[in-house]
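**Q** entry_16.cif (mmCIF, C-alpha atoms) pasted underneath:
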```
data_data
loop_
_atom_site.label_atom_id
_atom_site.label_comp_id
_atom_site.auth_asym_id
_atom_site.auth_seq_id
_atom_site.Cartn_x
_atom_site.Cartn_y
_atom_site.Cartn_z
CA MET A 1 39.25 22.24 -11.44
CA MET A 2 37.96 18.70 -10.71
CA ARG A 3 38.03 19.65 -7.09
CA PHE A 4 35.06 22.00 -7.60
CA LEU A 5 33.34 20.40 -10.55
CA LEU A 6 32.94 16.98 -8.97
CA PRO A 7 31.19 18.10 -5.76
CA ALA A 8 29.11 20.61 -7.73
CA GLY A 9 28.08 17.86 -10.13
CA VAL A 10 27.18 15.48 -7.31
CA PHE A 11 25.21 18.24 -5.64
CA ALA A 12 23.33 19.06 -8.84
CA ALA A 13 22.50 15.38 -9.44
CA LEU A 14 21.27 14.95 -5.87
CA ALA A 15 19.21 18.14 -6.09
CA LEU A 16 17.61 16.90 -9.29
CA VAL A 17 16.75 13.48 -7.81
CA LEU A 18 15.23 15.07 -4.70
CA PHE A 19 13.33 17.63 -6.76
CA ILE A 20 11.74 14.93 -8.90
CA GLY A 21 10.94 12.96 -5.75
CA VAL A 22 9.16 15.93 -4.17
CA GLN A 23 7.28 16.68 -7.39
CA ARG A 24 6.03 13.11 -7.59
CA ALA A 25 5.10 12.86 -3.92
CA PRO A 26 1.30 13.16 -4.43
CA GLU A 27 1.08 10.29 -6.90
CA LYS A 28 3.35 8.19 -4.73
CA SER A 29 0.95 8.38 -1.79
CA VAL A 30 -1.42 6.21 -3.82
CA ILE A 31 -0.33 2.59 -3.74
CA PRO A 32 -0.70 0.91 -7.11
CA SER A 33 -2.99 -2.10 -7.14
CA ALA A 34 -1.35 -5.50 -7.37
CA LEU A 35 -4.40 -6.74 -9.26
CA ILE A 36 -4.05 -4.75 -12.47
CA GLY A 37 -4.05 -7.23 -15.35
CA GLN A 38 -5.00 -10.07 -12.99
CA PRO A 39 -8.32 -11.92 -12.95
CA ALA A 40 -10.87 -10.10 -10.81
CA PRO A 41 -11.30 -12.05 -7.55
CA GLN A 42 -14.58 -13.91 -7.47
CA PHE A 43 -17.07 -13.42 -4.69
CA GLU A 44 -20.49 -14.51 -3.58
CA LEU A 45 -22.18 -12.11 -1.18
CA PRO A 46 -25.69 -11.22 -0.04
CA ILE A 47 -27.42 -8.42 -1.91
CA LEU A 48 -28.26 -5.44 0.31
CA GLY A 49 -31.84 -5.54 1.55
CA THR A 50 -32.64 -8.98 0.16
CA ASN A 51 -32.09 -12.63 0.97
CA ASP A 52 -30.54 -13.25 -2.41
CA GLY A 53 -26.89 -13.72 -3.15
CA PHE A 54 -24.80 -12.05 -5.81
CA ASN A 55 -21.90 -13.69 -7.61
CA ASN A 56 -19.72 -11.51 -9.79
CA ALA A 57 -19.23 -14.46 -12.14
CA SER A 58 -22.66 -13.46 -13.46
CA LEU A 59 -20.99 -10.42 -15.06
CA GLN A 60 -18.52 -12.50 -16.99
CA GLY A 61 -17.93 -11.26 -20.51
CA GLN A 62 -18.84 -7.64 -19.87
CA TRP A 63 -17.17 -4.52 -18.57
CA TYR A 64 -18.28 -3.35 -15.14
CA LEU A 65 -17.36 -1.10 -12.25
CA LEU A 66 -16.92 -2.18 -8.66
CA ASN A 67 -17.21 0.70 -6.24
CA VAL A 68 -16.17 0.09 -2.62
CA TRP A 69 -18.03 2.29 -0.17
CA GLY A 70 -19.39 2.60 3.35
CA THR A 71 -21.58 5.07 5.17
CA TRP A 72 -18.71 5.62 7.62
CA CYS A 73 -16.51 6.89 4.80
CA PRO A 74 -16.44 10.68 4.46
CA GLU A 75 -15.03 10.75 0.91
CA CYS A 76 -17.87 8.51 -0.25
CA VAL A 77 -20.35 11.37 0.24
CA ASN A 78 -18.21 13.55 -1.98
CA GLU A 79 -18.18 11.15 -4.90
CA HIS A 80 -21.82 10.16 -4.69
CA GLN A 81 -23.13 12.78 -7.12
CA MET A 82 -20.51 11.72 -9.64
CA LEU A 83 -21.51 8.06 -9.23
CA LEU A 84 -25.13 8.99 -9.88
CA GLU A 85 -24.09 10.76 -13.06
CA ILE A 86 -22.06 7.75 -14.20
CA ALA A 87 -25.07 5.54 -13.56
CA ARG A 88 -27.25 7.89 -15.59
CA SER A 89 -24.85 7.73 -18.54
CA GLN A 90 -25.46 3.93 -18.67
CA VAL A 91 -21.99 3.20 -19.98
CA LEU A 92 -21.58 0.05 -17.92
CA PRO A 93 -23.06 -1.68 -14.87
CA MET A 94 -21.89 -0.49 -11.47
CA ILE A 95 -21.66 -2.91 -8.57
CA GLY A 96 -21.45 -1.47 -5.07
CA LEU A 97 -19.38 -3.26 -2.46
CA ASN A 98 -20.71 -2.10 0.88
CA TRP A 99 -17.62 -2.55 3.03
CA LYS A 100 -17.84 -3.20 6.78
CA ASP A 101 -21.07 -1.30 7.14
CA GLU A 102 -24.50 -1.76 8.66
CA ASP A 103 -27.33 -2.75 6.34
CA ALA A 104 -29.80 -0.27 7.80
CA ALA A 105 -27.37 2.64 7.52
CA ALA A 106 -26.46 1.65 3.96
CA GLN A 107 -30.11 1.42 2.91
CA ARG A 108 -30.88 4.78 4.49
CA TRP A 109 -27.92 6.32 2.64
CA LEU A 110 -29.16 5.06 -0.71
CA THR A 111 -32.73 6.24 -0.14
CA GLN A 112 -31.54 9.68 0.92
CA LEU A 113 -28.78 10.29 -1.62
CA GLY A 114 -29.99 8.15 -4.52
CA ASP A 115 -28.85 4.73 -5.66
CA PRO A 116 -26.30 4.58 -8.48
CA TYR A 117 -25.72 0.83 -8.19
CA ASP A 118 -27.15 -2.01 -10.21
CA VAL A 119 -26.42 -4.31 -7.29
CA VAL A 120 -25.04 -3.65 -3.82
CA ALA A 121 -23.15 -6.61 -2.37
CA VAL A 122 -22.67 -6.64 1.38
CA ASP A 123 -19.16 -7.38 2.65
CA ARG A 124 -19.77 -7.03 6.34
CA ASP A 125 -16.62 -8.70 7.66
CA GLY A 126 -14.34 -7.29 4.96
CA ARG A 127 -13.07 -10.57 3.53
CA VAL A 128 -13.92 -9.83 -0.09
CA ALA A 129 -12.33 -6.40 0.24
CA ILE A 130 -9.07 -8.06 1.29
CA ASP A 131 -9.21 -10.34 -1.76
CA TRP A 132 -9.49 -7.21 -3.87
CA GLY A 133 -6.62 -5.49 -2.08
CA VAL A 134 -8.85 -2.68 -0.83
CA TYR A 135 -7.14 -0.44 1.71
CA GLY A 136 -9.37 2.59 1.95
CA ALA A 137 -12.81 3.56 0.71
CA PRO A 138 -13.77 4.78 -1.74
CA GLU A 139 -12.04 2.69 -4.34
CA THR A 140 -13.36 2.04 -7.84
CA PHE A 141 -12.27 -0.90 -9.97
CA LEU A 142 -12.76 -1.25 -13.69
CA ILE A 143 -13.12 -4.85 -14.86
CA ASN A 144 -12.93 -5.71 -18.54
CA ASP A 145 -14.85 -8.19 -20.68
CA ARG A 146 -12.13 -10.81 -20.18
CA GLY A 147 -12.69 -10.66 -16.42
CA LEU A 148 -9.37 -8.90 -15.73
CA VAL A 149 -8.90 -5.88 -13.50
CA GLU A 150 -8.19 -3.06 -15.90
CA TYR A 151 -7.78 -0.12 -13.54
CA LYS A 152 -8.31 1.00 -9.95
CA HIS A 153 -8.90 4.48 -8.66
CA VAL A 154 -8.34 5.19 -4.97
CA GLY A 155 -10.25 8.15 -3.54
CA ALA A 156 -13.36 9.99 -4.62
CA MET A 157 -14.45 9.64 -8.23
CA THR A 158 -14.37 12.95 -10.06
CA LEU A 159 -15.37 14.04 -13.53
CA ASN A 160 -11.72 14.32 -14.54
CA VAL A 161 -10.81 10.85 -13.26
CA TRP A 162 -13.86 9.38 -14.94
CA ARG A 163 -13.07 10.98 -18.28
CA GLU A 164 -9.33 10.53 -18.30
CA GLN A 165 -8.81 7.20 -16.55
CA PHE A 166 -12.03 5.27 -17.11
CA LEU A 167 -13.74 6.39 -20.31
CA THR A 168 -10.45 6.24 -22.18
CA ARG A 169 -10.08 2.57 -21.24
CA ILE A 170 -13.63 1.43 -21.89
CA PRO A 171 -14.25 0.62 -25.54
CA ARG A 172 -17.05 2.63 -27.12
CA ALA A 173 -20.48 1.15 -26.58
CA PRO A 174 -21.37 -1.56 -29.11
CA PRO A 175 -22.55 0.18 -32.27
CA ALA A 176 -26.24 -0.51 -31.74
CA THR A 177 -27.07 2.78 -33.42
CA GLY A 178 -24.99 2.01 -36.46
CA GLY A 179 -21.61 2.96 -35.08
CA GLU A 180 -19.98 6.34 -34.80
CA ARG A 181 -19.30 8.32 -37.92
CA MET B 1 26.45 19.75 41.32
CA ARG B 2 25.02 16.45 42.40
CA SER B 3 21.72 18.04 43.35
CA ARG B 4 21.41 19.43 39.84
CA VAL B 5 22.16 16.18 38.09
CA TRP B 6 19.68 14.03 40.00
CA PRO B 7 16.47 15.73 38.89
CA PHE B 8 17.70 15.51 35.34
CA LEU B 9 18.39 11.79 35.61
CA LEU B 10 15.07 11.19 37.28
CA GLY B 11 13.34 13.07 34.48
CA LEU B 12 15.13 10.96 31.92
CA CYS B 13 14.04 7.78 33.70
CA GLU B 14 10.46 9.02 33.71
CA ILE B 15 10.58 9.65 29.97
CA LEU B 16 12.05 6.22 29.36
CA ALA B 17 9.45 4.59 31.57
CA GLY B 18 6.79 6.55 29.74
CA THR B 19 7.87 5.32 26.33
CA LEU B 20 8.13 1.78 27.61
CA GLY B 21 4.64 2.06 29.03
CA ALA B 22 3.39 3.37 25.71
CA SER B 23 4.91 0.50 23.81
CA THR B 24 3.37 -2.09 26.09
CA GLN B 25 0.08 -0.31 25.58
CA ALA B 26 0.54 -0.61 21.84
CA TRP B 27 0.73 -4.36 22.39
CA ALA B 28 -2.71 -4.29 23.93
CA ILE B 29 -4.17 -3.50 20.49
CA ASP B 30 -4.04 -7.17 19.77
CA PRO B 31 -4.77 -9.23 22.87
CA ILE B 32 -5.30 -12.41 20.89
CA GLU B 33 -3.46 -15.47 22.10
CA MET B 34 -3.34 -18.47 19.83
CA SER B 35 -3.66 -21.92 21.29
CA ASP B 36 -0.23 -23.08 20.19
CA PRO B 37 2.78 -21.07 21.47
CA ILE B 38 4.72 -21.80 18.27
CA LEU B 39 1.84 -20.48 16.15
CA GLN B 40 1.60 -17.52 18.49
CA GLU B 41 5.25 -16.68 17.91
CA ARG B 42 4.88 -16.98 14.13
CA TYR B 43 1.71 -14.88 14.32
CA ARG B 44 3.58 -12.21 16.29
CA SER B 45 6.49 -11.99 13.88
CA LEU B 46 4.33 -12.13 10.74
CA THR B 47 2.00 -9.38 11.88
CA GLN B 48 5.04 -7.24 12.65
CA GLU B 49 6.45 -7.52 9.16
CA LEU B 50 3.21 -6.75 7.34
CA ARG B 51 2.45 -3.11 6.73
CA CYS B 52 -0.82 -1.52 7.72
CA MET B 53 -1.96 -0.10 4.39
CA GLN B 54 -4.05 2.64 5.96
CA CYS B 55 -1.47 4.03 8.36
CA GLN B 56 1.55 3.24 6.32
CA ASN B 57 4.32 3.48 8.86
CA GLN B 58 2.87 0.95 11.25
CA SER B 59 2.74 -2.79 11.07
CA ILE B 60 -0.62 -4.53 11.30
CA ALA B 61 0.43 -5.67 14.78
CA ASP B 62 0.70 -2.07 15.97
CA SER B 63 -2.28 -0.54 14.26
CA PRO B 64 -5.74 -0.16 15.79
CA VAL B 65 -7.55 0.51 12.48
CA GLY B 66 -10.19 -1.89 11.21
CA LEU B 67 -8.34 -3.13 8.15
CA ALA B 68 -5.28 -4.08 10.24
CA GLY B 69 -7.60 -6.11 12.46
CA ASP B 70 -9.05 -7.86 9.40
CA LEU B 71 -5.58 -8.65 8.10
CA ARG B 72 -4.54 -10.04 11.50
CA ARG B 73 -7.59 -12.26 11.42
CA GLU B 74 -6.59 -13.40 7.95
CA VAL B 75 -3.04 -14.23 9.15
CA ARG B 76 -4.45 -16.12 12.13
CA GLU B 77 -6.79 -18.19 9.99
CA LEU B 78 -4.08 -18.98 7.48
CA LEU B 79 -1.76 -20.08 10.28
CA GLU B 80 -4.45 -22.29 11.75
CA SER B 81 -5.12 -23.85 8.36
CA GLY B 82 -1.45 -24.85 8.16
CA SER B 83 -0.02 -22.28 5.74
CA THR B 84 3.70 -21.60 5.86
CA ASP B 85 5.07 -18.12 6.56
CA ALA B 86 6.13 -17.80 2.93
CA GLU B 87 2.63 -18.71 1.75
CA ILE B 88 1.09 -16.11 4.03
CA ARG B 89 3.49 -13.41 2.80
CA GLU B 90 2.67 -14.37 -0.79
CA TYR B 91 -1.06 -14.29 -0.02
CA MET B 92 -0.74 -10.72 1.20
CA ARG B 93 1.59 -9.67 -1.61
CA ALA B 94 -0.79 -11.02 -4.26
CA ARG B 95 -3.51 -8.76 -2.90
CA TYR B 96 -1.69 -5.65 -1.76
CA GLY B 97 1.55 -5.73 -3.71
CA ASP B 98 5.16 -5.57 -2.54
CA PHE B 99 4.26 -2.51 -0.53
CA ILE B 100 2.68 -4.58 2.24
CA LEU B 101 5.97 -6.36 2.97
CA PHE B 102 8.27 -4.46 5.30
CA ARG B 103 11.00 -6.83 4.18
CA PRO B 104 11.17 -6.44 0.40
CA ARG B 105 11.52 -9.52 -1.77
CA PHE B 106 14.44 -10.07 -4.07
CA SER B 107 12.81 -9.63 -7.48
CA VAL B 108 13.62 -8.06 -10.82
CA GLN B 109 11.63 -4.95 -9.90
CA ASN B 110 13.38 -4.69 -6.57
CA LEU B 111 16.82 -5.45 -7.94
CA TRP B 112 18.02 -1.84 -7.70
CA LEU B 113 16.93 -1.73 -4.08
CA TRP B 114 19.18 -4.65 -3.21
CA LEU B 115 22.05 -3.84 -5.52
CA THR B 116 22.43 -0.08 -4.94
CA PRO B 117 24.15 -0.48 -1.54
CA VAL B 118 26.53 -3.07 -3.00
CA ALA B 119 27.29 -0.79 -5.95
CA LEU B 120 27.90 2.17 -3.63
CA LEU B 121 30.18 0.07 -1.44
CA LEU B 122 32.15 -1.03 -4.52
CA ILE B 123 32.53 2.57 -5.70
CA GLY B 124 33.72 3.51 -2.22
CA VAL B 125 36.29 0.70 -2.18
CA ILE B 126 37.58 1.63 -5.66
CA VAL B 127 37.91 5.30 -4.72
CA ALA B 128 39.64 4.44 -1.44
CA VAL B 129 42.09 2.06 -3.14
CA ARG B 130 42.94 4.66 -5.78
CA ILE B 131 43.53 7.37 -3.19
CA VAL B 132 45.75 5.10 -1.12
CA ARG B 133 47.74 4.07 -4.19
CA GLN B 134 48.15 7.67 -5.36
CA ARG B 135 49.41 8.76 -1.95
CA ALA B 136 51.78 5.82 -1.76
CA ALA B 137 53.15 6.71 -5.21
CA MET B 138 53.51 10.37 -4.18
CA VAL B 139 55.49 9.46 -1.09
CA ALA B 140 57.71 7.05 -3.00
CA ASN B 141 58.45 9.50 -5.84
CA ASP B 142 58.91 12.74 -3.93
CA PRO B 143 62.49 13.10 -2.62
CA SER B 144 61.62 16.26 -0.62
CA GLU B 145 59.00 14.31 1.36
CA PRO B 146 60.37 13.69 4.83
CA GLY B 147 59.10 10.16 4.64
CA GLU B 148 61.11 6.99 4.71
CA GLY B 149 64.50 8.40 3.74
CA ALA B 150 64.49 11.36 6.15
CA SER B 151 65.19 9.55 9.34
#
```
For the structure just supplied, provide its representation as structure tokens.
**A**
Amino acid sequence: MMRFLLPAGVFAALALVLFIGVQRAPEKSVIPSALIGQPAPQFELPILGTNDGFNNASLQGQWYLLNVWGTWCPECVNEHQMLLEIARSQVLPMIGLNWKDEDAAAQRWLTQLGDPYDVVAVDRDGRVAIDWGVYGAPETFLINDRGLVEYKHVGAMTLNVWREQFLTRIPRAPPATGGER
Amino acid sequence: MRSRVWPFLLGLCEILAGTLGASTQAWAIDPIEMSDPILQERYRSLTQELRCMQCQNQSIADSPVGLAGDLRREVRELLESGSTDAEIREYMRARYGDFILFRPRFSVQNLWLWLTPVALLLIGVIVAVRIVRQRAAMVANDPSEPGEGAS
């Protein structure tokens, strides 16, 4: 009896392991960020279209988004409408990190498609992106009020991702209107 | 017979030469030579054990994409500033996670990765020993077995 049960059992166990592996393949293609729970890397970069600099230390103590984009990035077009909607909802400031792009192209993009960003920092040689562990645009980081990286989404922002992964993590806006309920 | 074998061998040689050619071309992705041959050698081996995060089955030494180039530049600058190989690996790991290292670290999270082969080997040894013992016992106990006593 063992003669049949043992191989059958091994086969069933292997089949189960492989089945779970195949089922989870899509989520495994996204590499988890090493920065979750770590302090957000600091940077000082020029602001797009100006001579001024931007330092993300200026956002200390508040929640913000950092969206990594470039005009060369096809998925960035797809998420742009969603970014504009997020900006309109005024939940939190959104910083754009224009990654390895050309200033003129980036400015043209924002005039044509609309500008969802409070500030666009220009990372022309990609050094800041490396500090943030960016490996493909678009990527969107959520930074909390303690200056820690709370979450990172790789790929285009969608309504579902925004609702399920971001809004659930951001505490409700300070009760300026007397709080909810 | 001989006439049929030769074209085949020649074809094989051509394929081999072709792949060799391709691999030397892959080298041309990164023509950078560092001033110091020792640094150059460390640079070469480090860039080969760091994964290109965009094209995940290539090292940053083999990949032509922009990010791989940026990471090579980072490695180069760290080497020039006197960082050790371990520091450079840690620098990359802190930013991109364990995934960037082709040679995984020995850590609590990676424990299963290192210990599974040892565990499997142990199971194999135990099973093998038991089978050998069982067979030995069978031979010793069975008088009809034409084993030791038969001759």
**Q** For this file, the PyMOL selection byres ((chain A and resi 128-142) around 6) selects which residues, as a list in words?
**A** Leu65, Leu66, Asn67, Val68, Trp69, Cys76, Gly126, Arg127, Ile143, Glu150, Tyr151, Lys152, His153, Val154, Gly155 and Ala156 of chain A; Met53, Arg95 and Tyr96 of chain B
**Q** Can you work out the spacing between CA of Tyr117 in chain A and CA of Ala87 in chain A in Å, to one decimal?
**A**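 Distance reported for this atom pair: 7.2 Å.
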**Q** Excluding Ala61 in chain B and any residue of its chain fewer than 5 positions from it, enumerate the residues within 7 Å of it, using all atoms listed in the file, and give them as an NGL selection string.
**A** :B and (30 or 47-48)
**Q** Between CA of Pro39 in chain A and CA of Tyr91 in chain B, what is the distance in Å, rounded to a tenth?
**A**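 Atom-to-atom, CA of Pro39 in chain A and CA of Tyr91 in chain B are spaced 15.0 Å apart.
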**Q** Please build the interface table for chain B against chain A with a cut-off of 8 Å, listing for each qualifying residue the nearest atom pair and the distance in Å to one decimal; count all atoms listed in the file, order rows by chain and increasing number, and write it as CSV.
**A**
```
residue,atom,partner,partner_atom,distance
B:Met53,CA,A:Tyr135,CA,5.8
B:Gln54,CA,A:Tyr135,CA,6.1
B:Leu67,CA,A:Tyr135,CA,7.1
B:Asp70,CA,A:Gly126,CA,6.9
B:Leu71,CA,A:Ile130,CA,7.7
B:Arg93,CA,A:Ala34,CA,7.7
B:Ala94,CA,A:Ala34,CA,6.4
B:Arg95,CA,A:Gly133,CA,4.6
B:Tyr96,CA,A:Gly133,CA,4.9
B:Gly97,CA,A:Ala34,CA,4.7
B:Phe99,CA,A:Ile31,CA,7.6
```
**Q** Using C-alpha atoms, can you export the residues from the last selection as a PDB file, in the frame of the given file?
**A**
```pdb
ATOM      1  CA  MET B  53      -1.960  -0.100   4.390  1.00  0.00           C
ATOM      2  CA  GLN B  54      -4.050   2.640   5.960  1.00  0.00           C
ATOM      3  CA  LEU B  67      -8.340  -3.130   8.150  1.00  0.00           C
ATOM      4  CA  ASP B  70      -9.050  -7.860   9.400  1.00  0.00           C
ATOM      5  CA  LEU B  71      -5.580  -8.650   8.100  1.00  0.00           C
ATOM      6  CA  ARG B  93       1.590  -9.670  -1.610  1.00  0.00           C
ATOM      7  CA  ALA B  94      -0.790 -11.020  -4.260  1.00  0.00           C
ATOM      8  CA  ARG B  95      -3.510  -8.760  -2.900  1.00  0.00           C
ATOM      9  CA  TYR B  96      -1.690  -5.650  -1.760  1.00  0.00           C
ATOM     10  CA  GLY B  97       1.550  -5.730  -3.710  1.00  0.00           C
ATOM     11  CA  PHE B  99       4.260  -2.510  -0.530  1.00  0.00           C
TER      12      PHE B  99
END
```
**Q** Using the chain letters and numbers from this file, what does the PyMOL selection byres ((chain B and resi 104-115) around 12) select? Give the answer as a list of chain:residue names.
**A** B:Glu49, B:Leu50, B:Arg51, B:Ala86, B:Arg89, B:Glu90, B:Arg93, B:Gly97, B:Asp98, B:Phe99, B:Ile100, B:Leu101, B:Phe102, B:Arg103, B:Thr116, B:Pro117, B:Val118, B:Ala119, B:Leu120, B:Leu121, B:Leu122
**Q** Mind writing the picked residues with C-alpha atoms as a short mmCIF file (atom, residue, chain, number, x, y, z; two decimals), in the coordinates of the input?
**A**
```
data_model
loop_
_atom_site.label_atom_id
_atom_site.label_comp_id
_atom_site.auth_asym_id
_atom_site.auth_seq_id
_atom_site.Cartn_x
_atom_site.Cartn_y
_atom_site.Cartn_z
CA GLU B 49 6.45 -7.52 9.16
CA LEU B 50 3.21 -6.75 7.34
CA ARG B 51 2.45 -3.11 6.73
CA ALA B 86 6.13 -17.80 2.93
CA ARG B 89 3.49 -13.41 2.80
CA GLU B 90 2.67 -14.37 -0.79
CA ARG B 93 1.59 -9.67 -1.61
CA GLY B 97 1.55 -5.73 -3.71
CA ASP B 98 5.16 -5.57 -2.54
CA PHE B 99 4.26 -2.51 -0.53
CA ILE B 100 2.68 -4.58 2.24
CA LEU B 101 5.97 -6.36 2.97
CA PHE B 102 8.27 -4.46 5.30
CA ARG B 103 11.00 -6.83 4.18
CA THR B 116 22.43 -0.08 -4.94
CA PRO B 117 24.15 -0.48 -1.54
CA VAL B 118 26.53 -3.07 -3.00
CA ALA B 119 27.29 -0.79 -5.95
CA LEU B 120 27.90 2.17 -3.63
CA LEU B 121 30.18 0.07 -1.44
CA LEU B 122 32.15 -1.03 -4.52
#
```
**Q** Please identify all polymer residues within 7 Å of range 145-147 of chain A, counting all atoms listed in the file, omitting same-chain residues fewer than 6 positions from it, and present them as a list in words.
**A**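 In the requested form, the answer reads Pro39, Ala40, Gln60, Gly61, Gln62 and Trp63 of chain A.
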**Q** Rounded to one decimal, what separation in Å do you get between CA of Glu77 in chain B and CA of Gly70 in chain A?
**A**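 It comes out at 25.2 Å.
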**Q** Using only C-alpha atoms, can you tell me which of A:Leu148, A:Ala104, A:Ala25, A:Arg172 comes closest to Ala57 in chain A?
**A** A:Leu148
**Q** Quick one: residues within 12 Å of Arg44 in chain B, only C-alpha atoms, excluding same-chain residues fewer than 3 positions away - as a list in words?
**A**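 So, after excluding close chain neighbours, the residues are Trp27, Asp30, Pro31, Ile32, Glu33, Met34, Pro37, Ile38, Leu39, Gln40, Glu41, Thr47, Gln48, Glu49, Leu50, Ser59, Ile60, Ala61, Asp62, Arg72, Val75, Arg76, Leu79 and Asp85 of chain B.
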**Q** Could you tell me which residues the PyMOL selection byres ((chain A and resi 92) around 10) returns for this structure, as a VMD selection string?
**A** chain A and resid 62 to 65 86 to 91 93 to 95 118 142 170 173
**Q** Complete the atoms of range 39-53 of chain B to N, CA and C atoms and put them out as a compact mmCIF listing (two decimals), in the coordinates of the input.
**A**
```txt
# COMPACT_ATOMS: atom_id res chain seq x y z
N LEU B 39 2.67 -21.27 17.06
CA LEU B 39 1.84 -20.48 16.15
C LEU B 39 1.79 -19.03 16.62
N GLN B 40 1.67 -18.86 17.92
CA GLN B 40 1.60 -17.52 18.49
C GLN B 40 2.85 -16.71 18.14
N GLU B 41 4.00 -17.36 18.23
CA GLU B 41 5.25 -16.68 17.91
C GLU B 41 5.33 -16.33 16.42
N ARG B 42 4.90 -17.25 15.57
CA ARG B 42 4.88 -16.98 14.13
C ARG B 42 3.89 -15.86 13.82
N TYR B 43 2.74 -15.91 14.50
CA TYR B 43 1.71 -14.88 14.32
C TYR B 43 2.28 -13.51 14.69
N ARG B 44 3.01 -13.47 15.82
CA ARG B 44 3.58 -12.21 16.29
C ARG B 44 4.58 -11.66 15.28
N SER B 45 5.45 -12.51 14.78
CA SER B 45 6.49 -11.99 13.88
C SER B 45 5.91 -11.65 12.50
N LEU B 46 4.94 -12.43 12.04
CA LEU B 46 4.33 -12.13 10.74
C LEU B 46 3.57 -10.81 10.77
N THR B 47 2.78 -10.61 11.84
CA THR B 47 2.00 -9.38 11.88
C THR B 47 2.91 -8.16 12.04
N GLN B 48 4.13 -8.38 12.52
CA GLN B 48 5.04 -7.24 12.65
C GLN B 48 5.76 -6.92 11.35
N GLU B 49 5.77 -7.84 10.41
CA GLU B 49 6.45 -7.52 9.16
C GLU B 49 5.48 -7.26 8.02
N LEU B 50 4.19 -7.14 8.35
CA LEU B 50 3.21 -6.75 7.34
C LEU B 50 2.76 -5.32 7.61
N ARG B 51 2.75 -4.52 6.57
CA ARG B 51 2.45 -3.11 6.73
C ARG B 51 0.94 -2.88 6.81
N CYS B 52 0.56 -1.97 7.70
CA CYS B 52 -0.82 -1.52 7.72
C CYS B 52 -0.98 -0.55 6.56
N MET B 53 -1.88 -0.89 5.62
CA MET B 53 -1.96 -0.10 4.39
C MET B 53 -2.62 1.26 4.62
```
